[in-house]
There are 6 protein chains.
Amino acid sequence: MVDFASEQEMFDTMQEKLTAAVISDVLDSLGARQQGMRADIRPVYPGAVVVGRAYTVLTTDIFKIIDDPYRGEIEAVDSLKPNDVMVVCTNRSTRNCFWGELLSTAARARGARGIVIDGYTRDVAQITKMQFPTFATGMSMVDSAGRGMVIDHGCPVNCGDVLVNPGDIVFGDIDGVVVIPKELEKEVIPRALEKVGKENLVRNELLKGALLRDAYAKYGVL
Amino acid sequence: MVDFASEQEMFDTMQEKLTAAVISDVLDSLGARQQGMRADIRPVYPGAVVVGRAYTVLTTDIFKIIDDPYRGEIEAVDSLKPNDVMVVCTNRSTRNCFWGELLSTAARARGARGIVIDGYTRDVAQITKMQFPTFATGMSMVDSAGRGMVIDHGCPVNCGDVLVNPGDIVFGDIDGVVVIPKELEKEVIPRALEKVGKENLVRNELLKGALLRDAYAKYGVL
Amino acid sequence: MVDFASEQEMFDTMQEKLTAAVISDVLDSLGARQQGMRADIRPVYPGAVVVGRAYTVLTTDIFKIIDDPYRGEIEAVDSLKPNDVMVVCTNRSTRNCFWGELLSTAARARGARGIVIDGYTRDVAQITKMQFPTFATGMSMVDSAGRGMVIDHGCPVNCGDVLVNPGDIVFGDIDGVVVIPKELEKEVIPRALEKVGKENLVRNELLKGALLRDAYAKYGVL
Amino acid sequence: MVDFASEQEMFDTMQEKLTAAVISDVLDSLGARQQGMRADIRPVYPGAVVVGRAYTVLTTDIFKIIDDPYRGEIEAVDSLKPNDVMVVCTNRSTRNCFWGELLSTAARARGARGIVIDGYTRDVAQITKMQFPTFATGMSMVDSAGRGMVIDHGCPVNCGDVLVNPGDIVFGDIDGVVVIPKELEKEVIPRALEKVGKENLVRNELLKGALLRDAYAKYGVL
Amino acid sequence: MVDFASEQEMFDTMQEKLTAAVISDVLDSLGARQQGMRADIRPVYPGAVVVGRAYTVLTTDIFKIIDDPYRGEIEAVDSLKPNDVMVVCTNRSTRNCFWGELLSTAARARGARGIVIDGYTRDVAQITKMQFPTFATGMSMVDSAGRGMVIDHGCPVNCGDVLVNPGDIVFGDIDGVVVIPKELEKEVIPRALEKVGKENLVRNELLKGALLRDAYAKYGVL
Amino acid sequence: MVDFASEQEMFDTMQEKLTAAVISDVLDSLGARQQGMRADIRPVYPGAVVVGRAYTVLTTDIFKIIDDPYRGEIEAVDSLKPNDVMVVCTNRSTRNCFWGELLSTAARARGARGIVIDGYTRDVAQITKMQFPTFATGMSMVDSAGRGMVIDHGCPVNCGDVLVNPGDIVFGDIDGVVVIPKELEKEVIPRALEKVGKENLVRNELLKGALLRDAYAKYGVL
């Protein structure tokens, strides 16, 4: 039904036309009902929207400063490719802070479209100025050396209670972050674009004063 | 002391002149000291203020898709009357999402002034554009079908640890949501309007450099 | 290395040039690795930055209205001196609300530069209008009478899991609040100003497309 | 209906014949529906049962070692009278530990029947050996000096989310702790003794194989 | 491999020979890796072991006393059949208490083997005396009237973060509760009985002083 | 003051004569006031007492089954030496389960005296039968393969909010687990043995009916 000249164009279209809510509804209709991340993973600045292919990273808390403390983090960032979104599992650390401005600058230089962290970021003022879409559970000013370590990247991770595989599509906006498993993307994207249209019809009906039950009976969309 | 031509005028005046803090202080002075909701029920956009009569809804989490999954939700929204504020207890669900843009559009078409949810909403970008005052514990992109069900409406509910009865007045601003029990509204509203005036006097005194103890001794207001 | 004409000038320079993240990195390098407060102590309005000398306050929840209920609070506020930042431990109360607009007005009249509360504030709309830098764990509209009591001030307190002594320097921005122990300030401030410069060099390198590993190898800063 | 020769006899009878569940049901029937403490206040040894008059204590966390650090604790314990149960609000401290073996020994020497703490105890092995009924949210081996301080005693306190006034009756068993407000005790105790009898009839019916609906229809007790 | 004369015999054998850990390992080996309930669902007395077919119940918190408040509960209990284990989702209520002694008596009279509640029970002293295997998140003395309501029974429920369908086998011991989906029971039970044997061999090897790596290399079981 | 023929004898004496509370009090008196672990690390069977030298292990959650999934765990257990106590940081996992019966058997065969886990164990019935002192935050029946991985051993770890270094002494009883830093053990152990004696004197005084204030004034011990 829909065709895109490139991944870039596909993600740009999705970013412009879709919402996390519409994508989630389509995933529901296909039986993929556990794809929305926990509600405490939030955009760090108003208006942030992210969409792209997951590049996954797994970290853990540590309690001494290891040799070459940033090696894993640097490797992971330097591995990013155009249209990637970094998806980071910190195993719910409230002690480490994984991300910051310089890492955002480096990630963008590789073509990455944003980052989703089940954990903290810092340098939020500068990230906001750069408008590098960053979703996180919170902010903290601490550095990762002696606090966290990258265990693996490009592996399955749990982020916000959703299992994310490298190559899955992640979409985040003000309502939160939803994950489209790679094998469903061909079905999800065209259906989502179509559903957006129907919702416009219902909205118009309601704006004219229709009862919800009549608008829903007519269009079957809520 | 004060008299209003209509409920509409009363709520408009309250929205313009009062704050949740002043109302809470007056409720305290009348011995109604448990009327402020838990601090995690927040406005979903900056500047949201809501005031009106509670129309209560009670929901629960469910784990299968029932027939006619939106029936209760539709009934509740279509039951709203002018100046109502929907007050929703989801029994603290972090899995369901009760509210969204089309429901906001329908609720406004019935004359409702806003919604307070002990639970999640979605479509926050569009709700912000509409400026439909929405207070919630968080945001999530998921639909309610197969996740939650309306059990009852127009019944007593617990919302943010306050027992709310249909017809109580709810007032929410950036400091949170406070509930005026129906039987106290005649006393609370005029006293609150009066207290606002006194605070202006104290503020002026302090701006001129008075010590807090002297300003408080003079006006008895903090 | 750096010299300031006055405390006022020192704090103004810090506020203009430094960030919580840079200060935290320098503290780390000196072995003071537990100086960042818990991530749920947040600025209550966008852009709030605070820096100054800690004036500490300790409160507890109570369950009756005591005589002269605001005495401790008034005493503490009237004790503030120019360049102070009030640092309040409420023992993690979610029932009391320590701060508000009139107290902010009084504190500013004494020369205080802001407040950091491990607890709640109210009157956030007015505090935002005043631009009085306020960091808190949340907002609630309730008054403190019959809910909380000042136990002591000018004593060691735990705020956001950091032990703060009167006279320590606190610095808060969007990334959170960090504490510089009094005995380290001579070392921390010049080093932090210096580190800011280095980060600019790395950023430029990355903006030109350098790999992170090369930029880090060259400057040793991340 | 029932009459007791002394408080001692009344409490002994209650301890032998009643349960927290039966007392809670009777309180419910009188409209006092918020009298059961939070479920994390537990007996520290199997079989502990406590009943007596509340002697209340309020503590708070502190962060320095004060002069005469145990003064308040000693005063409170030395104030206990026969048939008292100490009821302690620590404002939910997870850092201090209020109680221990020597305090239990001293309390028993004054005639106290036990203690209920919204907070921690230590010396649980010895307290078990003494069989001094102790209910707490947990155990920790730390001393209170420099960690907590008694603010007041003989005052209203919140313990396990129930407001307890000095002189109220508290009853704790394996199902938790319930509070009988002083003004209701005359009604509650005889009704509770009576309800115990009815439950025996229902149990017998069910043991003979009756359906629950029939047994409930016959006796109106569940 | 194994054959049983009856369900009764199958469950009796499982109860005697298996553990939750062995069953979980076999489920893991079949790719069913989310079958262990959350660790806060615990046996209420030492030594409780439960196994049987799930009969599911779904409840929600309510805030008024409804007509015929126990109807749903009574219906659910009277529907139990021999070898059933009631599995109850209270939507994580900490305010209601679903279960008690008389219900246990009635359930046993219908042939039920026990109950697993994601929520509270009461009458734990009597339930212990009866030795009716009860697993719950805690204990509370309150009655359910005006606090909770049965929404449905015999429906899919979430219990301890596991989706349980009526007819699934549940097995609980001191290590927690695990669920065998109906469609896997034919494979799981014989394999589990077999694995128990192998563990005995490893244990013997280790008791003789073997290094863990040698014992594991030899038997492939840990 | 005290001298021991061997580590074995020292630990046996400590186990027989000391308590976690007495050790914590002596650590307090030396200024080491953060040595008591979080109260949710509990003995898994009644009467468990552990004392020995910490052998530390650090694990993290993972989300795929790695090759040789038990390698790190086996290595760590096979590294144990006589009088060791394994101290495990799982980074607060509620999804993995680190320990079990066969590992306990292997650890005891190496001479280990017990284990303290900031995380879960399984096989608690068998561990109880073996009387292998095990302290954990909970119990779960799941295996570690595909859920957790050993990152390092013999490194500093955080366990129950205390930083533990290999070689520190850990002591756990019903009141919880306390850590004696290696460099303080020479001072702590004799002082603790001495304090036990003084407490006996106070107890006797109190048993004879002395007021707490008089007993405390006389002996300075509480």
# chains A, B, ... in the order shown; residues from 1 in each chain; ligands from 1
>>> select_by_dssp(residues="region 98-150 of chain C", states="strand (DSSP E or B)", output="number ranges by chain")
C: 99, 114-118, 120-121, 134-136, 138-139, 148-150
>>> interface_residues(of="chain F", to="chain D", cutoff="7 Å", atoms="only C-alpha atoms", output="list in words")
Ala20, Ala21, Ser24, Asp25, Gly36, Ala39, Ile174, Asp175, Gly176, Arg203, Leu206, Leu207, Gly209, Leu211, Leu212, Arg213 and Leu222 of chain F
>>> residues_around(residues="Met14 (chain E)", least_positions_apart="6", cutoff="12 Å", atoms="only C-alpha atoms", output="ChimeraX atom specification")
/E:2,4,7-8,20,22-23,49-52,169-173,185,188-194,196
>>> residues_around(residues="Val57 (chain B)", least_positions_apart="5", cutoff="9 Å", atoms="only C-alpha atoms", output="list in words")
Glu73, Ala76, Met86, Val87, Val88, Cys89, Thr90, Val150, Ile151, Asp152, His153, Gly154, Cys155, Pro156 and Val157 of chain B
>>> write_last_selection(atoms="N, CA, C and O atoms", output="tab-separated table (two decimals), in the first residue's frame")
chain	number	residue	atom	x	y	z
B	73	GLU	N	-17.18	3.38	28.81
B	73	GLU	CA	-16.48	4.66	28.60
B	73	GLU	C	-17.38	5.63	27.81
B	73	GLU	O	-17.49	6.81	28.15
B	76	ALA	N	-20.28	6.85	29.94
B	76	ALA	CA	-19.85	7.84	30.94
B	76	ALA	C	-19.64	9.19	30.28
B	76	ALA	O	-20.09	10.22	30.79
B	86	MET	N	-14.80	15.30	34.79
B	86	MET	CA	-14.79	13.86	34.99
B	86	MET	C	-13.68	13.54	36.00
B	86	MET	O	-12.57	14.07	35.90
B	87	VAL	N	-13.98	12.69	36.98
B	87	VAL	CA	-13.01	12.29	37.99
B	87	VAL	C	-12.93	10.76	37.96
B	87	VAL	O	-13.92	10.09	38.24
B	88	VAL	N	-11.78	10.24	37.58
B	88	VAL	CA	-11.68	8.82	37.26
B	88	VAL	C	-10.72	8.11	38.20
B	88	VAL	O	-9.57	8.51	38.38
B	89	CYS	N	-11.21	7.03	38.79
B	89	CYS	CA	-10.39	6.12	39.58
B	89	CYS	C	-10.11	4.88	38.74
B	89	CYS	O	-11.05	4.17	38.36
B	90	THR	N	-8.85	4.62	38.42
B	90	THR	CA	-8.51	3.41	37.66
B	90	THR	C	-7.94	2.34	38.60
B	90	THR	O	-7.34	1.38	38.13
B	150	VAL	N	-14.89	0.08	32.42
B	150	VAL	CA	-15.65	0.92	33.35
B	150	VAL	C	-16.57	0.02	34.16
B	150	VAL	O	-17.36	-0.74	33.59
B	151	ILE	N	-16.46	0.08	35.49
B	151	ILE	CA	-17.29	-0.71	36.40
B	151	ILE	C	-18.57	0.02	36.77
B	151	ILE	O	-19.63	-0.55	36.92
B	152	ASP	N	-18.42	1.34	36.96
B	152	ASP	CA	-19.55	2.12	37.44
B	152	ASP	C	-19.25	3.59	37.14
B	152	ASP	O	-18.10	3.97	36.94
B	153	HIS	N	-20.30	4.41	37.08
B	153	HIS	CA	-20.07	5.86	37.07
B	153	HIS	C	-21.15	6.53	37.89
B	153	HIS	O	-22.19	5.95	38.17
B	154	GLY	N	-20.82	7.78	38.35
B	154	GLY	CA	-21.75	8.46	39.25
B	154	GLY	C	-21.76	7.84	40.64
B	154	GLY	O	-22.73	7.97	41.39
B	155	CYS	N	-20.66	7.20	41.02
B	155	CYS	CA	-20.55	6.52	42.33
B	155	CYS	C	-19.40	7.16	43.11
B	155	CYS	O	-18.57	7.86	42.54
B	156	PRO	N	-19.31	6.93	44.43
B	156	PRO	CA	-18.12	7.43	45.15
B	156	PRO	C	-16.85	6.76	44.62
B	156	PRO	O	-16.87	5.56	44.35
B	157	VAL	N	-15.79	7.53	44.45
B	157	VAL	CA	-14.51	6.96	44.01
B	157	VAL	C	-13.38	7.54	44.85
B	157	VAL	O	-13.49	8.63	45.39
>>> atom_distance(atom1="CA of Gln35 (chain E)", atom2="CA of Lys17 (chain E)")
19.7 Å
>>> atom_distance(atom1="CA of Lys186 (chain D)", atom2="CA of Gly167 (chain D)")
13.3 Å
>>> atom_distance(atom1="CA of Val179 (chain B)", atom2="CA of Ala54 (chain B)")
8.9 Å
>>> select_by_dssp(residues="region 32-120 of chain A", states="helix (DSSP H, G or I)", output="PyMOL selection string")
chain A and resi 71-78+101-109
>>> write_last_selection(atoms="N, CA, C and O atoms", output="tab-separated table (two decimals), in the first residue's frame")
chain	number	residue	atom	x	y	z
A	71	ARG	N	35.35	2.67	27.29
A	71	ARG	CA	35.57	1.90	26.06
A	71	ARG	C	34.27	1.36	25.46
A	71	ARG	O	33.99	1.56	24.28
A	72	GLY	N	33.45	0.71	26.27
A	72	GLY	CA	32.21	0.12	25.75
A	72	GLY	C	31.27	1.18	25.20
A	72	GLY	O	30.66	1.01	24.14
A	73	GLU	N	31.15	2.28	25.93
A	73	GLU	CA	30.26	3.37	25.53
A	73	GLU	C	30.72	3.96	24.19
A	73	GLU	O	29.91	4.21	23.29
A	74	ILE	N	32.04	4.18	24.06
A	74	ILE	CA	32.60	4.75	22.83
A	74	ILE	C	32.37	3.80	21.66
A	74	ILE	O	31.92	4.21	20.58
A	75	GLU	N	32.66	2.53	21.87
A	75	GLU	CA	32.44	1.52	20.82
A	75	GLU	C	30.99	1.50	20.35
A	75	GLU	O	30.71	1.45	19.16
A	76	ALA	N	30.08	1.55	21.32
A	76	ALA	CA	28.65	1.50	20.97
A	76	ALA	C	28.26	2.72	20.15
A	76	ALA	O	27.59	2.60	19.12
A	77	VAL	N	28.70	3.90	20.58
A	77	VAL	CA	28.34	5.12	19.85
A	77	VAL	C	28.99	5.13	18.46
A	77	VAL	O	28.34	5.47	17.47
A	78	ASP	N	30.24	4.72	18.38
A	78	ASP	CA	30.91	4.71	17.08
A	78	ASP	C	30.33	3.64	16.14
A	78	ASP	O	30.57	3.69	14.92
A	101	GLU	N	25.73	15.37	26.45
A	101	GLU	CA	25.79	16.21	25.25
A	101	GLU	C	26.83	15.72	24.24
A	101	GLU	O	26.55	15.63	23.05
A	102	LEU	N	28.04	15.41	24.70
A	102	LEU	CA	29.08	15.05	23.75
A	102	LEU	C	28.73	13.74	23.06
A	102	LEU	O	28.94	13.58	21.85
A	103	LEU	N	28.14	12.81	23.80
A	103	LEU	CA	27.69	11.56	23.19
A	103	LEU	C	26.59	11.83	22.17
A	103	LEU	O	26.55	11.22	21.10
A	104	SER	N	25.69	12.77	22.48
A	104	SER	CA	24.64	13.13	21.53
A	104	SER	C	25.25	13.71	20.25
A	104	SER	O	24.80	13.39	19.14
A	105	THR	N	26.24	14.56	20.42
A	105	THR	CA	26.90	15.17	19.26
A	105	THR	C	27.56	14.09	18.40
A	105	THR	O	27.42	14.09	17.16
A	106	ALA	N	28.24	13.16	19.07
A	106	ALA	CA	28.89	12.07	18.33
A	106	ALA	C	27.87	11.18	17.64
A	106	ALA	O	28.05	10.76	16.48
A	107	ALA	N	26.77	10.87	18.33
A	107	ALA	CA	25.73	9.99	17.76
A	107	ALA	C	25.11	10.64	16.53
A	107	ALA	O	24.90	10.00	15.50
A	108	ARG	N	24.82	11.92	16.65
A	108	ARG	CA	24.22	12.63	15.51
A	108	ARG	C	25.21	12.65	14.33
A	108	ARG	O	24.79	12.51	13.17
A	109	ALA	N	26.48	12.80	14.61
A	109	ALA	CA	27.49	12.81	13.54
A	109	ALA	C	27.49	11.47	12.79
A	109	ALA	O	27.85	11.41	11.60
>>> closest_residue(among="F:Ile115, F:Leu18, F:Val44, F:Ala5", to="Thr128 (chain F)", atoms="only C-alpha atoms")
F:Val44
>>> closest_residue(among="F:Met149, F:Val116, F:Val202, F:Leu58", to="Asn91 (chain F)", atoms="only C-alpha atoms")
F:Leu58
>>> decode(residues="region 88-101 of chain A", atoms="N, CA and C atoms", output="PDB file, in the first residue's frame")
ATOM      1  N   VAL A  88      18.809   1.761  25.235  1.00  0.00           N
ATOM      2  CA  VAL A  88      19.732   1.385  26.294  1.00  0.00           C
ATOM      3  C   VAL A  88      19.002   0.822  27.498  1.00  0.00           C
ATOM      4  N   CYS A  89      19.423  -0.352  27.918  1.00  0.00           N
ATOM      5  CA  CYS A  89      18.966  -0.949  29.167  1.00  0.00           C
ATOM      6  C   CYS A  89      20.079  -0.780  30.198  1.00  0.00           C
ATOM      7  N   THR A  90      19.789  -0.044  31.275  1.00  0.00           N
ATOM      8  CA  THR A  90      20.788   0.107  32.348  1.00  0.00           C
ATOM      9  C   THR A  90      20.442  -0.798  33.524  1.00  0.00           C
ATOM     10  N   ASN A  91      19.538  -1.737  33.304  1.00  0.00           N
ATOM     11  CA  ASN A  91      19.042  -2.544  34.419  1.00  0.00           C
ATOM     12  C   ASN A  91      18.513  -1.660  35.547  1.00  0.00           C
ATOM     13  N   ARG A  92      17.804  -0.592  35.108  1.00  0.00           N
ATOM     14  CA  ARG A  92      17.078   0.334  35.999  1.00  0.00           C
ATOM     15  C   ARG A  92      17.969   1.027  37.019  1.00  0.00           C
ATOM     16  N   SER A  93      19.150   1.399  36.595  1.00  0.00           N
ATOM     17  CA  SER A  93      20.051   2.100  37.501  1.00  0.00           C
ATOM     18  C   SER A  93      19.502   3.465  37.899  1.00  0.00           C
ATOM     19  N   THR A  94      19.605   3.791  39.184  1.00  0.00           N
ATOM     20  CA  THR A  94      19.329   5.157  39.644  1.00  0.00           C
ATOM     21  C   THR A  94      20.622   5.780  40.169  1.00  0.00           C
ATOM     22  N   ARG A  95      21.735   5.163  39.840  1.00  0.00           N
ATOM     23  CA  ARG A  95      23.014   5.588  40.388  1.00  0.00           C
ATOM     24  C   ARG A  95      23.954   6.044  39.281  1.00  0.00           C
ATOM     25  N   ASN A  96      23.801   5.480  38.109  1.00  0.00           N
ATOM     26  CA  ASN A  96      24.617   5.830  36.970  1.00  0.00           C
ATOM     27  C   ASN A  96      23.851   6.811  36.082  1.00  0.00           C
ATOM     28  N   CYS A  97      24.574   7.474  35.170  1.00  0.00           N
ATOM     29  CA  CYS A  97      23.948   8.330  34.164  1.00  0.00           C
ATOM     30  C   CYS A  97      24.641   8.000  32.856  1.00  0.00           C
ATOM     31  N   PHE A  98      23.887   7.462  31.900  1.00  0.00           N
ATOM     32  CA  PHE A  98      24.507   6.893  30.710  1.00  0.00           C
ATOM     33  C   PHE A  98      24.860   7.925  29.653  1.00  0.00           C
ATOM     34  N   TRP A  99      24.097   8.993  29.513  1.00  0.00           N
ATOM     35  CA  TRP A  99      24.144   9.797  28.297  1.00  0.00           C
ATOM     36  C   TRP A  99      24.463  11.251  28.588  1.00  0.00           C
ATOM     37  N   GLY A 100      24.849  12.011  27.538  1.00  0.00           N
ATOM     38  CA  GLY A 100      25.137  13.422  27.714  1.00  0.00           C
ATOM     39  C   GLY A 100      25.285  14.124  26.382  1.00  0.00           C
ATOM     40  N   GLU A 101      25.729  15.375  26.450  1.00  0.00           N
ATOM     41  CA  GLU A 101      25.787  16.212  25.249  1.00  0.00           C
ATOM     42  C   GLU A 101      26.826  15.723  24.236  1.00  0.00           C
TER      43      GLU A 101
END
